[in-house]
file input13.cif (mmCIF, C-alpha atoms (C1' of nucleotides))
data_protein
loop_
_atom_site.label_atom_id
_atom_site.label_comp_id
_atom_site.auth_asym_id
_atom_site.auth_seq_id
_atom_site.Cartn_x
_atom_site.Cartn_y
_atom_site.Cartn_z
CA MET A 644 0.00 0.00 0.00
CA ALA A 645 1.09 3.61 -0.47
CA LEU A 646 2.91 5.44 2.28
CA LYS A 647 0.40 8.19 1.99
CA THR A 648 -2.13 5.83 3.45
CA THR A 649 -0.66 6.43 6.86
CA LYS A 650 -0.69 10.18 6.41
CA GLN A 651 -3.25 11.72 8.71
CA PRO A 652 -4.12 15.18 9.95
CA SER A 653 -2.25 16.54 12.93
CA ARG A 654 -4.24 17.29 16.06
CA SER A 655 -4.57 20.97 15.13
CA GLU A 656 -5.92 20.07 11.71
CA ILE A 657 -8.85 18.05 13.06
CA GLN A 658 -12.15 19.86 12.65
CA LEU A 659 -15.38 19.09 14.44
CA PRO A 660 -17.71 19.27 11.41
CA VAL A 661 -15.49 16.86 9.51
CA VAL A 662 -15.30 14.48 12.46
CA LEU A 663 -19.07 14.53 12.93
CA HIS A 664 -19.61 14.05 9.22
CA ALA A 665 -17.28 11.06 9.20
CA LEU A 666 -19.21 9.57 12.10
CA GLY A 667 -22.59 10.23 10.55
CA ASP A 668 -22.55 6.96 8.67
CA PRO A 669 -23.68 3.60 10.07
CA ILE A 670 -20.88 1.68 8.42
CA ARG A 671 -18.19 3.93 9.80
CA LEU A 672 -19.78 3.79 13.23
CA GLU A 673 -19.58 0.00 13.06
CA ILE A 674 -15.91 0.28 12.14
CA LEU A 675 -15.44 2.41 15.23
CA ARG A 676 -17.28 -0.09 17.38
CA GLN A 677 -15.08 -2.94 16.20
CA ILE A 678 -11.85 -0.98 16.65
CA ASP A 679 -12.94 0.10 20.12
CA ALA A 680 -13.65 -3.52 21.05
CA GLU A 681 -10.05 -4.53 20.31
CA ASP A 682 -8.06 -1.35 20.91
CA LYS A 683 -6.51 -1.71 17.44
CA LYS A 684 -7.46 -3.73 14.40
CA GLU A 685 -6.15 -4.71 10.99
CA CYS A 686 -8.13 -3.77 7.90
CA GLY A 687 -8.69 -7.33 6.79
CA THR A 688 -10.17 -8.49 10.09
CA PHE A 689 -13.34 -6.43 10.22
CA ASN A 690 -16.60 -8.29 10.27
CA LEU A 691 -18.18 -6.30 7.47
CA GLU A 692 -19.79 -7.70 4.35
CA MET A 693 -18.52 -5.44 1.60
CA PRO A 694 -15.85 -5.22 -1.07
CA LYS A 695 -12.35 -4.10 -0.13
CA SER A 696 -12.59 -0.91 -2.15
CA SER A 697 -15.71 0.14 -0.25
CA LEU A 698 -13.99 -0.50 3.06
CA SER A 699 -10.92 1.43 1.90
CA HIS A 700 -13.18 4.34 1.10
CA HIS A 701 -14.57 4.38 4.63
CA PHE A 702 -11.15 3.94 6.26
CA ARG A 703 -9.94 6.90 4.25
CA VAL A 704 -12.85 9.09 5.37
CA LEU A 705 -12.21 8.20 9.03
CA ARG A 706 -8.47 8.70 8.66
CA GLU A 707 -8.73 12.04 6.88
CA ALA A 708 -11.16 13.25 9.52
CA GLY A 709 -8.60 12.38 12.16
CA VAL A 710 -10.81 9.82 13.88
CA ILE A 711 -8.45 6.89 13.32
CA GLY A 712 -4.76 6.50 12.86
CA THR A 713 -3.17 3.96 10.53
CA ARG A 714 0.25 2.34 10.26
CA PRO A 715 1.57 -0.52 8.18
CA ASN A 716 2.37 -3.95 9.60
CA GLY A 717 3.85 -5.90 6.73
CA THR A 718 1.23 -5.97 3.99
CA ALA A 719 -1.51 -5.27 6.52
CA LEU A 720 -2.58 -1.93 7.95
CA ILE A 721 -3.40 -1.41 11.58
CA ASN A 722 -6.00 1.09 12.66
CA TRP A 723 -6.64 2.59 16.07
CA LEU A 724 -8.84 5.32 17.46
CA ARG A 725 -7.13 8.63 18.06
CA THR A 726 -8.68 8.74 21.48
CA ASP A 727 -6.14 11.08 23.04
CA ASP A 728 -6.38 13.67 20.28
CA LEU A 729 -10.17 13.56 20.10
CA ASP A 730 -10.63 13.66 23.87
CA ASP A 731 -8.31 16.62 24.07
CA LEU A 732 -10.06 18.51 21.27
CA PHE A 733 -13.67 17.48 21.98
CA PRO A 734 -13.88 16.11 25.54
CA GLY A 735 -16.64 13.60 25.92
CA LEU A 736 -17.47 13.32 22.24
CA LEU A 737 -15.83 10.02 21.46
CA SER A 738 -16.90 8.35 24.68
CA SER A 739 -20.51 9.36 24.19
CA VAL A 740 -20.48 8.16 20.60
CA LEU A 741 -18.94 4.83 21.61
CA GLN A 742 -21.47 4.50 24.40
CA GLY A 743 -24.23 5.21 21.92
CA ILE A 744 -23.11 2.47 19.52
CA ARG A 745 -22.54 -0.13 22.24
CA LYS A 746 -26.15 -0.04 23.27
CA PRO A 747 -28.17 -3.09 22.36
CA SER A 748 -30.76 -1.68 20.01
CA LYS A 749 -32.93 -2.60 17.06
CA ARG A 750 -30.62 -0.82 14.69
CA SER A 751 -30.31 -2.13 11.21
CA PRO A 752 -27.08 -3.90 10.16
CA ALA A 753 -24.15 -1.58 9.51
CA LYS A 754 -24.04 -2.75 5.94
CA ARG A 755 -25.57 -0.21 3.58
CA ASN A 756 -25.19 -1.65 0.17
CA ARG A 757 -26.84 0.83 -2.14
CA ARG A 758 -25.86 -1.01 -5.29
CA ALA A 759 -27.93 -3.89 -4.01
CA ARG A 760 -30.98 -1.77 -4.69
CA LEU A 761 -30.01 -1.11 -8.28
CA GLN A 762 -32.34 -2.36 -10.92
CA PRO A 763 -33.14 -1.45 -14.49
CA LYS A 764 -35.22 1.70 -14.71
CA SER A 765 -37.72 -0.20 -16.82
CA LEU A 766 -38.74 -2.05 -13.70
CA LEU A 767 -39.55 1.13 -11.90
CA MET B 1090 -46.31 27.37 7.32
CA ALA B 1091 -47.55 23.77 7.29
CA LEU B 1092 -48.46 21.94 10.48
CA LYS B 1093 -46.16 19.14 9.51
CA THR B 1094 -43.27 21.51 10.07
CA THR B 1095 -43.60 20.97 13.76
CA LYS B 1096 -43.71 17.20 13.41
CA GLN B 1097 -40.56 15.69 14.82
CA PRO B 1098 -39.33 12.23 15.77
CA SER B 1099 -40.14 10.95 19.23
CA ARG B 1100 -37.24 10.24 21.55
CA SER B 1101 -37.26 6.56 20.65
CA GLU B 1102 -37.04 7.36 16.96
CA ILE B 1103 -33.84 9.39 17.27
CA GLN B 1104 -30.83 7.54 15.88
CA LEU B 1105 -27.19 8.33 16.51
CA PRO B 1106 -25.96 8.07 12.90
CA VAL B 1107 -28.69 10.45 11.77
CA VAL B 1108 -27.91 12.91 14.56
CA LEU B 1109 -24.20 12.84 13.80
CA HIS B 1110 -24.88 13.22 10.10
CA ALA B 1111 -27.10 16.23 10.74
CA LEU B 1112 -24.35 17.78 12.86
CA GLY B 1113 -21.66 17.06 10.29
CA ASP B 1114 -22.27 20.31 8.46
CA PRO B 1115 -20.76 23.69 9.39
CA ILE B 1116 -23.93 25.60 8.68
CA ARG B 1117 -26.05 23.38 10.89
CA LEU B 1118 -23.45 23.59 13.64
CA GLU B 1119 -23.67 27.36 13.48
CA ILE B 1120 -27.45 27.09 13.76
CA LEU B 1121 -26.91 25.03 16.90
CA ARG B 1122 -24.47 27.54 18.29
CA GLN B 1123 -26.93 30.40 17.83
CA ILE B 1124 -29.84 28.46 19.32
CA ASP B 1125 -27.71 27.46 22.28
CA ALA B 1126 -26.74 31.07 22.86
CA GLU B 1127 -30.38 32.10 23.27
CA ASP B 1128 -32.07 28.95 24.55
CA LYS B 1129 -34.66 29.24 21.77
CA LYS B 1130 -34.73 31.19 18.56
CA GLU B 1131 -37.05 32.15 15.73
CA CYS B 1132 -36.17 31.15 12.18
CA GLY B 1133 -35.96 34.67 10.88
CA THR B 1134 -33.52 35.88 13.51
CA PHE B 1135 -30.48 33.79 12.66
CA ASN B 1136 -27.37 35.62 11.62
CA LEU B 1137 -26.78 33.56 8.49
CA GLU B 1138 -26.25 34.89 4.99
CA MET B 1139 -28.32 32.58 2.85
CA PRO B 1140 -31.72 32.34 1.14
CA LYS B 1141 -34.73 31.28 3.22
CA SER B 1142 -35.14 28.06 1.27
CA SER B 1143 -31.58 27.02 2.08
CA LEU B 1144 -32.15 27.72 5.77
CA SER B 1145 -35.43 25.81 5.68
CA HIS B 1146 -33.55 22.86 4.28
CA HIS B 1147 -31.09 22.86 7.17
CA PHE B 1148 -33.83 23.37 9.78
CA ARG B 1149 -35.62 20.37 8.31
CA VAL B 1150 -32.50 18.19 8.51
CA LEU B 1151 -31.93 19.14 12.16
CA ARG B 1152 -35.59 18.67 13.01
CA GLU B 1153 -35.93 15.30 11.31
CA ALA B 1154 -32.78 14.11 13.07
CA GLY B 1155 -34.35 15.05 16.36
CA VAL B 1156 -31.73 17.62 17.24
CA ILE B 1157 -34.13 20.55 17.40
CA GLY B 1158 -37.78 20.96 18.13
CA THR B 1159 -40.03 23.47 16.41
CA ARG B 1160 -43.34 25.10 17.21
CA PRO B 1161 -45.24 27.96 15.61
CA ASN B 1162 -45.55 31.41 17.13
CA GLY B 1163 -47.86 33.34 14.84
CA THR B 1164 -46.26 33.35 11.43
CA ALA B 1165 -42.85 32.68 12.97
CA LEU B 1166 -41.40 29.33 14.04
CA ILE B 1167 -39.48 28.89 17.24
CA ASN B 1168 -36.66 26.37 17.47
CA TRP B 1169 -34.98 24.92 20.50
CA LEU B 1170 -32.44 22.20 21.20
CA ARG B 1171 -33.89 18.91 22.37
CA THR B 1172 -31.32 18.87 25.10
CA ASP B 1173 -33.22 16.57 27.45
CA ASP B 1174 -33.88 13.93 24.80
CA LEU B 1175 -30.34 14.02 23.42
CA ASP B 1176 -28.68 13.98 26.85
CA ASP B 1177 -30.82 11.03 27.82
CA LEU B 1178 -30.06 9.07 24.66
CA PHE B 1179 -26.41 10.09 24.15
CA PRO B 1180 -25.08 11.54 27.43
CA GLY B 1181 -22.34 14.05 26.85
CA LEU B 1182 -22.73 14.25 23.09
CA LEU B 1183 -24.55 17.54 22.81
CA SER B 1184 -22.51 19.28 25.49
CA SER B 1185 -19.24 18.24 23.88
CA VAL B 1186 -20.42 19.37 20.47
CA LEU B 1187 -21.55 22.71 21.87
CA GLN B 1188 -18.26 23.08 23.68
CA GLY B 1189 -16.47 22.33 20.44
CA ILE B 1190 -18.28 25.01 18.49
CA ARG B 1191 -17.93 27.66 21.21
CA LYS B 1192 -14.18 27.49 21.04
CA PRO B 1193 -12.55 30.51 19.48
CA SER B 1194 -10.89 29.04 16.42
CA LYS B 1195 -9.79 29.97 12.94
CA ARG B 1196 -12.71 28.15 11.47
CA SER B 1197 -14.13 29.41 8.23
CA PRO B 1198 -17.51 31.18 8.25
CA ALA B 1199 -20.49 28.86 8.60
CA LYS B 1200 -21.75 29.96 5.26
CA ARG B 1201 -21.01 27.40 2.58
CA ASN B 1202 -22.46 28.76 -0.59
CA ARG B 1203 -21.63 26.22 -3.25
CA ARG B 1204 -23.55 28.02 -5.97
CA ALA B 1205 -21.17 30.91 -5.48
CA ARG B 1206 -18.49 28.75 -7.05
CA LEU B 1207 -20.54 28.05 -10.13
CA GLN B 1208 -19.21 29.26 -13.38
CA PRO B 1209 -19.61 28.30 -17.02
CA LYS B 1210 -17.71 25.15 -17.83
CA SER B 1211 -16.05 27.00 -20.69
CA LEU B 1212 -14.06 28.89 -18.10
CA LEU B 1213 -12.72 25.74 -16.57
"C1'" DC C 744 -61.37 40.90 2.07
"C1'" DT C 745 -56.60 42.31 1.02
"C1'" DT C 746 -51.97 42.71 2.19
"C1'" DA C 747 -47.91 41.55 4.90
"C1'" DT C 748 -44.94 38.33 7.17
"C1'" DT C 749 -42.69 34.10 7.93
"C1'" DG C 750 -41.38 29.83 6.43
"C1'" DT C 751 -42.17 25.66 3.42
"C1'" DT C 752 -42.18 23.06 -0.69
"C1'" DC C 753 -41.27 22.26 -5.53
"C1'" DG C 754 -38.24 21.47 -9.04
"C1'" DA C 755 -34.02 22.06 -11.36
"C1'" DC C 756 -29.32 21.86 -11.13
"C1'" DA C 757 -24.82 21.23 -9.06
"C1'" DA C 758 -21.86 19.07 -5.81
"C1'" DT C 759 -20.68 15.45 -2.93
"C1'" DT C 760 -20.71 10.85 -1.37
"C1'" DC C 761 -21.13 5.87 -1.86
"C1'" DT C 762 -20.43 1.60 -4.27
"C1'" DC C 763 -17.54 -1.60 -6.52
"C1'" DG C 764 -14.92 -4.08 -10.32
"C1'" DA C 765 -10.54 -3.81 -12.24
"C1'" DA C 766 -6.00 -2.47 -12.03
"C1'" DC C 767 -2.24 -1.02 -9.32
"C1'" DA C 768 1.30 -0.99 -5.50
"C1'" DA C 769 3.98 -2.16 -1.33
"C1'" DT C 770 5.43 -5.87 1.54
"C1'" DA C 771 6.26 -10.66 2.49
"C1'" DT C 772 7.08 -15.33 1.17
"C1'" DA C 773 8.63 -19.13 -1.63
"C1'" DT D 1416 12.57 -13.66 -9.64
"C1'" DA D 1417 7.82 -15.06 -9.24
"C1'" DT D 1418 3.88 -15.39 -6.50
"C1'" DA D 1419 0.84 -14.24 -2.62
"C1'" DT D 1420 -1.27 -11.00 0.49
"C1'" DT D 1421 -3.21 -6.77 1.85
"C1'" DG D 1422 -5.03 -2.55 0.76
"C1'" DT D 1423 -5.27 1.53 -2.46
"C1'" DT D 1424 -6.63 4.05 -6.40
"C1'" DC D 1425 -9.11 4.78 -10.67
"C1'" DG D 1426 -13.12 5.50 -13.00
"C1'" DA D 1427 -17.86 4.88 -13.87
"C1'" DG D 1428 -22.35 5.02 -12.31
"C1'" DA D 1429 -25.85 5.68 -8.83
"C1'" DA D 1430 -27.56 7.88 -4.79
"C1'" DT D 1431 -27.69 11.53 -1.70
"C1'" DT D 1432 -27.16 16.15 -0.29
"C1'" DG D 1433 -26.94 21.20 -0.89
"C1'" DT D 1434 -28.44 25.44 -3.14
"C1'" DC D 1435 -31.91 28.59 -4.46
"C1'" DG D 1436 -35.63 31.06 -7.21
"C1'" DA D 1437 -40.38 30.79 -7.66
"C1'" DA D 1438 -44.59 29.50 -5.99
"C1'" DC D 1439 -47.27 28.14 -2.17
"C1'" DA D 1440 -49.36 28.23 2.59
"C1'" DA D 1441 -50.56 29.53 7.36
"C1'" DT D 1442 -50.99 33.29 10.47
"C1'" DA D 1443 -51.43 38.12 11.53
"C1'" DA D 1444 -52.50 42.81 10.60
"C1'" DG D 1445 -54.95 46.50 8.27
#
call {"tool": "encode", "arguments": {"input": "input13.cif", "output": "C-alpha cells"}}
result
Amino acid sequence: MALKTTKQPSRSEIQLPVVLHALGDPIRLEILRQIDAEDKKECGTFNLEMPKSSLSHHFRVLREAGVIGTRPNGTALINWLRTDDLDDLFPGLLSSVLQGIRKPSKRSPAKRNRRARLQPKSLL
Amino acid sequence: MALKTTKQPSRSEIQLPVVLHALGDPIRLEILRQIDAEDKKECGTFNLEMPKSSLSHHFRVLREAGVIGTRPNGTALINWLRTDDLDDLFPGLLSSVLQGIRKPSKRSPAKRNRRARLQPKSLL
DNA sequence: CTTATTGTTCGACAATTCTCGAACAATATA
DNA sequence: TATATTGTTCGAGAATTGTCGAACAATAAG
C-alpha cells in the first residue's frame, strides 16, 4: 500500500464538522465499534460484508477526519482510534459516541449496500 | 407554514448516525451555536447569509434528526435544542459538540455557498 | 377581504458521497 | 525472480445532499 495511506491530519488540523460528518454513517460507526472492542485492528479483520474498495473508502474518510490513525504492519494496515487527540479537542465526544453504539438496540445492520438496490429503470 | 413543520421524531425514533450526520455540516453547527446562545430562537432571527429556502432545508434536517424541536408562534417558528432527549439518549454528546463550536478558532464562516463557485464550464 | 410576514415546498441543477470491479502498488514469502 | 497477500486508487455510475428562485401556505394585521 502507499505510504500516503498512513498520512493523517495533525491534532490541530482536526475539525469538528469533519469528524461529525465522518461519524454520521452507520458503516463507519460499526468500524469504530469494532476498533474500540479490540483497541486496534487490521483492515482485513473487520466483520463487514462489503468489497475491499468500499472499506478502503470508509477507512480513508475516518483517517482524513482524524478519527483513526493507521500504520503498516507488513502488507496489513493497523487502525486505532485517536482517542487522546479527540478527547483533548472534543472532551466527551468520542466516549458518548462509543457508548451510543454499544447499546443493544434494534438498529439495522451496519451494511448499507446501495448497489444492491439497483435495478433497471424499466422495472420502476 | 404547514403543520407538519412541527412534526418531529419521538425520543425513541432518534438515531445516533442520523444525529451525527445532521451535525456534520458547518452551517447546521452554526445554527446550533446560535440556538444554544439564546435557549430558543425564531427562524428569521439567525445571523446567516443565505436564502430562506436554504435555511429551511437545514432546519428540516436538524428537526428530522431530532436535534431541534419546532413550534409555531404566529407566522414565525421557534426552534430549541432537544437537550433533554439528546442527553438522555447520548449523554455528553450535545454538550461536547456545543463546547467544540464555542471554542474561538480559525474556522471558516459557517456559510457554505456552493452556488457561489458556479461558473460556465467553458471557463474551466 | 386584502396585504404583509414568515417559512415551506417544488423542481431544477450542481456538488458530494457511496459503491464496486478492475488495475495497481507495497510488503512478504517461496 | 515469481507469487501471494493486503489494501489503495481509478473511473464509472448511482444515490444523496446542498443550493436557491419561484410558488405556495398559514398566520397576523390592516
call {"tool": "resolve_selection", "arguments": {"input": "input13.cif", "expression": "the PyMOL selection byres ((chain B and resi 1174-1191) around 7)", "output": "list of chain:residue names"}}
result
A:Leu659, A:Phe733, A:Pro734, A:Gly735, A:Leu736, A:Ser739, A:Val740, A:Gly743, B:Arg1100, B:Arg1122, B:Arg1171, B:Thr1172, B:Asp1173, B:Lys1192, B:Pro1193
call {"tool": "interface_residues", "arguments": {"input": "input13.cif", "of": "chain C", "to": "chain A", "cutoff": "9 Å", "atoms": "all atoms listed in the file", "output": "list in words"}}
result
DC761, DT762, DC763, DA768, DA769, DT770 and DA771 of chain C
call {"tool": "resolve_selection", "arguments": {"input": "input13.cif", "expression": "the PyMOL selection byres ((chain C and resi 745) around 12)", "output": "MDAnalysis selection string"}}
result
(chainID C and resid 744 746:747) or (chainID D and resid 1444:1445)
call {"tool": "write_last_selection", "arguments": {"input": "input13.cif", "atoms": "C-alpha atoms (C1' of nucleotides)", "output": "PDB file, keeping the file's coordinate frame"}}
result
ATOM      1  C1'  DC C 744     -61.370  40.900   2.070  1.00  0.00           C
ATOM      2  C1'  DT C 746     -51.970  42.710   2.190  1.00  0.00           C
ATOM      3  C1'  DA C 747     -47.910  41.550   4.900  1.00  0.00           C
TER       4       DA C 747
ATOM      5  C1'  DA D1444     -52.500  42.810  10.600  1.00  0.00           C
ATOM      6  C1'  DG D1445     -54.950  46.500   8.270  1.00  0.00           C
TER       7       DG D1445
END
call {"tool": "closest_residue", "arguments": {"input": "input13.cif", "among": "B:Asn1168, B:Thr1134, B:Thr1094, B:Thr1159", "to": "chain D", "atoms": "only C-alpha atoms (C1' of nucleotides)"}}
result
B:Thr1094
call {"tool": "closest_residue", "arguments": {"input": "input13.cif", "among": "D:DT1432, D:DT1442, D:DT1421, D:DT1416", "to": "chain A", "atoms": "all atoms listed in the file"}}
result
D:DT1421
call {"tool": "atom_distance", "arguments": {"input": "input13.cif", "atom1": "atom CA of Gly1133 of chain B", "atom2": "atom CA of Pro1098 of chain B"}}
result
23.2 Å
call {"tool": "closest_atom_pairs", "arguments": {"input": "input13.cif", "of": "chain D", "to": "chain B", "cutoff": "8 Å", "atoms": "only C-alpha atoms (C1' of nucleotides)", "output": "Markdown table"}}
result
| residue | atom | partner | partner_atom | distance |
| --- | --- | --- | --- | --- |
| D:DG1433 | C1' | B:Arg1203 | CA | 7.7 |
| D:DT1434 | C1' | B:Arg1204 | CA | 6.2 |
| D:DC1435 | C1' | B:Ser1142 | CA | 6.6 |
| D:DA1440 | C1' | B:Met1090 | CA | 5.7 |
| D:DA1441 | C1' | B:Met1090 | CA | 4.8 |
| D:DT1442 | C1' | B:Thr1164 | CA | 4.8 |
| D:DA1443 | C1' | B:Gly1163 | CA | 6.8 |
call {"tool": "atom_distance", "arguments": {"input": "input13.cif", "atom1": "atom CA of Ile1116 of chain B", "atom2": "atom CA of Glu656 of chain A"}}
result
19.1 Å
call {"tool": "atom_distance", "arguments": {"input": "input13.cif", "atom1": "atom CA of His664 of chain A", "atom2": "atom CA of Trp1169 of chain B"}}
result
21.9 Å
call {"tool": "residues_around", "arguments": {"input": "input13.cif", "residues": "DA1438 of chain D", "least_positions_apart": "2", "cutoff": "10 Å", "atoms": "all atoms listed in the file", "output": "list in words"}}
result
DT752 and DC753 of chain C; DG1436 and DA1440 of chain D
call {"tool": "residues_around", "arguments": {"input": "input13.cif", "residues": "Leu672 of chain A", "least_positions_apart": "3", "cutoff": "8 Å", "atoms": "all atoms listed in the file", "output": "list in words"}}
result
Leu666, Gly667, Asp668, Pro669, Leu675, Arg676, Ile744 and Ala753 of chain A; Pro1106 of chain B
call {"tool": "closest_residue", "arguments": {"input": "input13.cif", "among": "B:Cys1132, B:Leu1137, B:Ala1111, B:Ile1103", "to": "chain A", "atoms": "only C-alpha atoms"}}
result
B:Ala1111
call {"tool": "residues_around", "arguments": {"input": "input13.cif", "residues": "DA765 of chain C", "least_positions_apart": "4", "cutoff": "12 Å", "atoms": "all atoms listed in the file", "output": "list of chain:residue names"}}
result
A:Ser696, D:DT1424, D:DC1425, D:DG1426, D:DA1427
call {"tool": "closest_residue", "arguments": {"input": "input13.cif", "among": "A:Gln651, A:Val661, A:Ile674, A:Glu692", "to": "chain B", "atoms": "only C-alpha atoms"}}
result
A:Val661
